[in-house]
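See structure below.
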Amino acid sequence: YGDHRDLHLSIRRQRQMCIRDRPNVIQITKRNAESILTALGFQVLEYNYVDDIGKDMVLDVLYEGEKILPGQKIPMNSGLSLILGNGKR
């Protein structure tokens, strides 16, 4: 019992970032788009409305303030913003 041994342990946390293609949710309703995006592991953080006759229709999707296109690769669990029509011309 007289031996004192030091044990040094290094733990590396490997964060695996899963990348997904952004699905095409343009011209579908806010409700359907949100369901699709959350089911695929994305988060809808913000809704912005612009003048467009299609009320609650998705016009664009933003990631980190930049427009992203369908099929563009973004990390899962990313926060997205949806640009929606407000029903006005």
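Ordering of the structure tokens sets the chain letters (A, B, ...), residue numbers begin anew at 1 in every chain, and ligands are numbered from 1 in the order given.
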
- If you run DSSP over the backbone, which residues in chain A end up alpha helix (DSSP H)? Put them as number ranges by chain. A: 30-39

Quick one: residues within 8 Å of region 38-55 of chain A, only C-alpha atoms, excluding same-chain residues fewer than 3 positions away - as a PDB file with all heavy atoms, in the first residue's frame?
```pdb
ATOM      1  N   GLU A  34     -42.217  22.643 -41.523  1.00  0.00           N
ATOM      2  CA  GLU A  34     -41.681  22.461 -40.174  1.00  0.00           C
ATOM      3  C   GLU A  34     -41.657  20.983 -39.795  1.00  0.00           C
ATOM      4  O   GLU A  34     -40.682  20.503 -39.216  1.00  0.00           O
ATOM      5  CB  GLU A  34     -42.506  23.259 -39.172  1.00  0.00           C
ATOM      6  CG  GLU A  34     -41.898  23.293 -37.800  1.00  0.00           C
ATOM      7  CD  GLU A  34     -42.636  24.227 -36.857  1.00  0.00           C
ATOM      8  OE1 GLU A  34     -43.866  24.371 -36.994  1.00  0.00           O
ATOM      9  OE2 GLU A  34     -41.968  24.794 -35.988  1.00  0.00           O
ATOM     10  N   SER A  35     -42.683  20.243 -40.134  1.00  0.00           N
ATOM     11  CA  SER A  35     -42.733  18.802 -39.849  1.00  0.00           C
ATOM     12  C   SER A  35     -41.611  18.056 -40.562  1.00  0.00           C
ATOM     13  O   SER A  35     -40.938  17.214 -39.965  1.00  0.00           O
ATOM     14  CB  SER A  35     -44.078  18.211 -40.282  1.00  0.00           C
ATOM     15  OG  SER A  35     -45.111  18.720 -39.496  1.00  0.00           O
ATOM     16  N   MET A  76     -26.728  18.588 -39.387  1.00  0.00           N
ATOM     17  CA  MET A  76     -27.970  18.246 -38.686  1.00  0.00           C
ATOM     18  C   MET A  76     -28.047  19.044 -37.408  1.00  0.00           C
ATOM     19  O   MET A  76     -27.037  19.467 -36.860  1.00  0.00           O
ATOM     20  CB  MET A  76     -27.993  16.756 -38.350  1.00  0.00           C
ATOM     21  CG  MET A  76     -28.518  15.908 -39.465  1.00  0.00           C
ATOM     22  SD  MET A  76     -28.600  14.173 -39.012  1.00  0.00           S
ATOM     23  CE  MET A  76     -29.768  14.190 -37.687  1.00  0.00           C
ATOM     24  N   ASN A  77     -29.243  19.236 -36.932  1.00  0.00           N
ATOM     25  CA  ASN A  77     -29.524  19.986 -35.716  1.00  0.00           C
ATOM     26  C   ASN A  77     -29.276  21.479 -35.903  1.00  0.00           C
ATOM     27  O   ASN A  77     -29.211  22.219 -34.935  1.00  0.00           O
ATOM     28  CB  ASN A  77     -28.721  19.445 -34.527  1.00  0.00           C
ATOM     29  CG  ASN A  77     -29.527  19.520 -33.249  1.00  0.00           C
ATOM     30  OD1 ASN A  77     -30.740  19.654 -33.283  1.00  0.00           O
ATOM     31  ND2 ASN A  77     -28.848  19.424 -32.129  1.00  0.00           N
ATOM     32  N   SER A  78     -29.109  21.903 -37.156  1.00  0.00           N
ATOM     33  CA  SER A  78     -28.909  23.318 -37.443  1.00  0.00           C
ATOM     34  C   SER A  78     -30.209  24.080 -37.242  1.00  0.00           C
ATOM     35  O   SER A  78     -31.289  23.560 -37.473  1.00  0.00           O
ATOM     36  CB  SER A  78     -28.468  23.517 -38.899  1.00  0.00           C
ATOM     37  OG  SER A  78     -27.215  22.942 -39.106  1.00  0.00           O
ATOM     38  N   GLY A  79     -30.054  25.325 -36.834  1.00  0.00           N
ATOM     39  CA  GLY A  79     -31.199  26.217 -36.722  1.00  0.00           C
ATOM     40  C   GLY A  79     -31.455  26.901 -38.052  1.00  0.00           C
ATOM     41  O   GLY A  79     -30.540  27.470 -38.653  1.00  0.00           O
ATOM     42  N   LEU A  80     -32.683  26.834 -38.527  1.00  0.00           N
ATOM     43  CA  LEU A  80     -33.053  27.421 -39.818  1.00  0.00           C
ATOM     44  C   LEU A  80     -34.106  28.491 -39.620  1.00  0.00           C
ATOM     45  O   LEU A  80     -34.873  28.480 -38.660  1.00  0.00           O
ATOM     46  CB  LEU A  80     -33.601  26.328 -40.736  1.00  0.00           C
ATOM     47  CG  LEU A  80     -32.709  25.137 -40.999  1.00  0.00           C
ATOM     48  CD1 LEU A  80     -33.434  24.102 -41.848  1.00  0.00           C
ATOM     49  CD2 LEU A  80     -31.406  25.555 -41.651  1.00  0.00           C
ATOM     50  N   SER A  81     -34.142  29.419 -40.545  1.00  0.00           N
ATOM     51  CA  SER A  81     -35.182  30.438 -40.586  1.00  0.00           C
ATOM     52  C   SER A  81     -35.995  30.233 -41.851  1.00  0.00           C
ATOM     53  O   SER A  81     -35.429  29.956 -42.913  1.00  0.00           O
ATOM     54  CB  SER A  81     -34.580  31.846 -40.621  1.00  0.00           C
ATOM     55  OG  SER A  81     -33.814  32.088 -39.475  1.00  0.00           O
ATOM     56  N   LEU A  82     -37.301  30.363 -41.739  1.00  0.00           N
ATOM     57  CA  LEU A  82     -38.173  30.228 -42.893  1.00  0.00           C
ATOM     58  C   LEU A  82     -38.691  31.602 -43.300  1.00  0.00           C
ATOM     59  O   LEU A  82     -39.115  32.392 -42.457  1.00  0.00           O
ATOM     60  CB  LEU A  82     -39.359  29.320 -42.578  1.00  0.00           C
ATOM     61  CG  LEU A  82     -39.039  27.870 -42.202  1.00  0.00           C
ATOM     62  CD1 LEU A  82     -40.334  27.098 -41.963  1.00  0.00           C
ATOM     63  CD2 LEU A  82     -38.208  27.198 -43.262  1.00  0.00           C
ATOM     64  N   ILE A  83     -38.656  31.882 -44.599  1.00  0.00           N
ATOM     65  CA  ILE A  83     -39.248  33.094 -45.157  1.00  0.00           C
ATOM     66  C   ILE A  83     -40.607  32.672 -45.695  1.00  0.00           C
ATOM     67  O   ILE A  83     -40.699  31.792 -46.551  1.00  0.00           O
ATOM     68  CB  ILE A  83     -38.377  33.679 -46.292  1.00  0.00           C
ATOM     69  CG1 ILE A  83     -36.941  33.888 -45.830  1.00  0.00           C
ATOM     70  CG2 ILE A  83     -39.008  34.963 -46.824  1.00  0.00           C
ATOM     71  CD1 ILE A  83     -36.761  34.859 -44.706  1.00  0.00           C
ATOM     72  N   LEU A  84     -41.651  33.294 -45.163  1.00  0.00           N
ATOM     73  CA  LEU A  84     -43.028  32.905 -45.484  1.00  0.00           C
ATOM     74  C   LEU A  84     -43.798  34.050 -46.075  1.00  0.00           C
ATOM     75  O   LEU A  84     -43.528  35.236 -45.781  1.00  0.00           O
ATOM     76  CB  LEU A  84     -43.737  32.430 -44.202  1.00  0.00           C
ATOM     77  CG  LEU A  84     -43.045  31.350 -43.391  1.00  0.00           C
ATOM     78  CD1 LEU A  84     -43.683  31.234 -42.019  1.00  0.00           C
ATOM     79  CD2 LEU A  84     -43.109  30.026 -44.116  1.00  0.00           C
ATOM     80  N   GLY A  85     -44.813  33.719 -46.875  1.00  0.00           N
ATOM     81  CA  GLY A  85     -45.722  34.736 -47.399  1.00  0.00           C
ATOM     82  C   GLY A  85     -46.722  35.144 -46.320  1.00  0.00           C
ATOM     83  O   GLY A  85     -47.142  34.336 -45.506  1.00  0.00           O
ATOM     84  N   ASN A  86     -47.108  36.424 -46.352  1.00  0.00           N
ATOM     85  CA  ASN A  86     -48.065  36.932 -45.357  1.00  0.00           C
ATOM     86  C   ASN A  86     -49.489  37.040 -45.905  1.00  0.00           C
ATOM     87  O   ASN A  86     -50.388  37.495 -45.200  1.00  0.00           O
ATOM     88  CB  ASN A  86     -47.589  38.264 -44.788  1.00  0.00           C
ATOM     89  CG  ASN A  86     -47.491  39.360 -45.838  1.00  0.00           C
ATOM     90  OD1 ASN A  86     -47.934  39.180 -46.981  1.00  0.00           O
ATOM     91  ND2 ASN A  86     -46.899  40.474 -45.459  1.00  0.00           N
ATOM     92  N   GLY A  87     -49.691  36.652 -47.152  1.00  0.00           N
ATOM     93  CA  GLY A  87     -51.027  36.678 -47.733  1.00  0.00           C
ATOM     94  C   GLY A  87     -51.383  37.986 -48.411  1.00  0.00           C
ATOM     95  O   GLY A  87     -52.472  38.140 -48.942  1.00  0.00           O
ATOM     96  N   LYS A  88     -50.478  38.950 -48.416  1.00  0.00           N
ATOM     97  CA  LYS A  88     -50.719  40.252 -49.066  1.00  0.00           C
ATOM     98  C   LYS A  88     -49.991  40.310 -50.394  1.00  0.00           C
ATOM     99  O   LYS A  88     -48.974  39.675 -50.587  1.00  0.00           O
ATOM    100  CB  LYS A  88     -50.224  41.386 -48.163  1.00  0.00           C
ATOM    101  CG  LYS A  88     -50.909  41.434 -46.837  1.00  0.00           C
ATOM    102  CD  LYS A  88     -50.324  42.529 -45.976  1.00  0.00           C
ATOM    103  CE  LYS A  88     -50.960  42.517 -44.585  1.00  0.00           C
ATOM    104  NZ  LYS A  88     -50.328  43.502 -43.709  1.00  0.00           N
ATOM    105  N   ARG A  89     -50.544  41.087 -51.289  1.00  0.00           N
ATOM    106  CA  ARG A  89     -49.915  41.226 -52.621  1.00  0.00           C
ATOM    107  C   ARG A  89     -48.787  42.198 -52.593  1.00  0.00           C
ATOM    108  O   ARG A  89     -48.662  43.182 -52.104  1.00  0.00           O
ATOM    109  CB  ARG A  89     -50.946  41.663 -53.650  1.00  0.00           C
ATOM    110  CG  ARG A  89     -51.881  40.540 -53.959  1.00  0.00           C
ATOM    111  CD  ARG A  89     -52.874  41.003 -54.998  1.00  0.00           C
ATOM    112  NE  ARG A  89     -53.851  39.954 -55.158  1.00  0.00           N
ATOM    113  CZ  ARG A  89     -54.120  39.380 -56.300  1.00  0.00           C
ATOM    114  NH1 ARG A  89     -53.519  39.762 -57.392  1.00  0.00           N
ATOM    115  NH2 ARG A  89     -55.005  38.431 -56.380  1.00  0.00           N
TER     116      ARG A  89
END
```

With only C-alpha atoms as the counted atoms, please give the residues lying no more than 9 Å from Pro75 (chain A), apart from itself and same-chain residues fewer than 6 positions off, as a PDB file with C-alpha atoms, in the first residue's frame.
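Result file follows (part-v8.pdb):
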```
ATOM      1  CA  MET A  17     -21.144  16.193 -37.296  1.00  0.00           C
ATOM      2  CA  CYS A  18     -23.782  14.636 -39.472  1.00  0.00           C
ATOM      3  CA  ILE A  19     -24.418  16.507 -42.678  1.00  0.00           C
ATOM      4  CA  ARG A  20     -27.762  16.371 -44.440  1.00  0.00           C
ATOM      5  CA  ASP A  21     -29.113  17.670 -47.695  1.00  0.00           C
ATOM      6  CA  PHE A  42     -33.221  20.411 -38.188  1.00  0.00           C
TER       7      PHE A  42
END
```

- Query: When you draw a straight line from CA of Ile36 (chain A) to CA of Asn24 (chain A), how long is it in Å?
  - Reply: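 One can read the CA of Ile36 (chain A) to CA of Asn24 (chain A) distance as 9.5 Å.
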
- Task: Could you find all residues in chain A that DSSP calls strand (DSSP E or B) from the backbone, and write them as a PyMOL selection string?
- Result: chain A and resi 19-21+29+43-50+57-63+66-67+73-75+79-85

- Task: Have a look at A:Asn32, A:Gln27, A:Gln72, A:Ser10 and name the one nearest to Val58 (chain A); count only C-alpha atoms.
- Result: A:Gln27
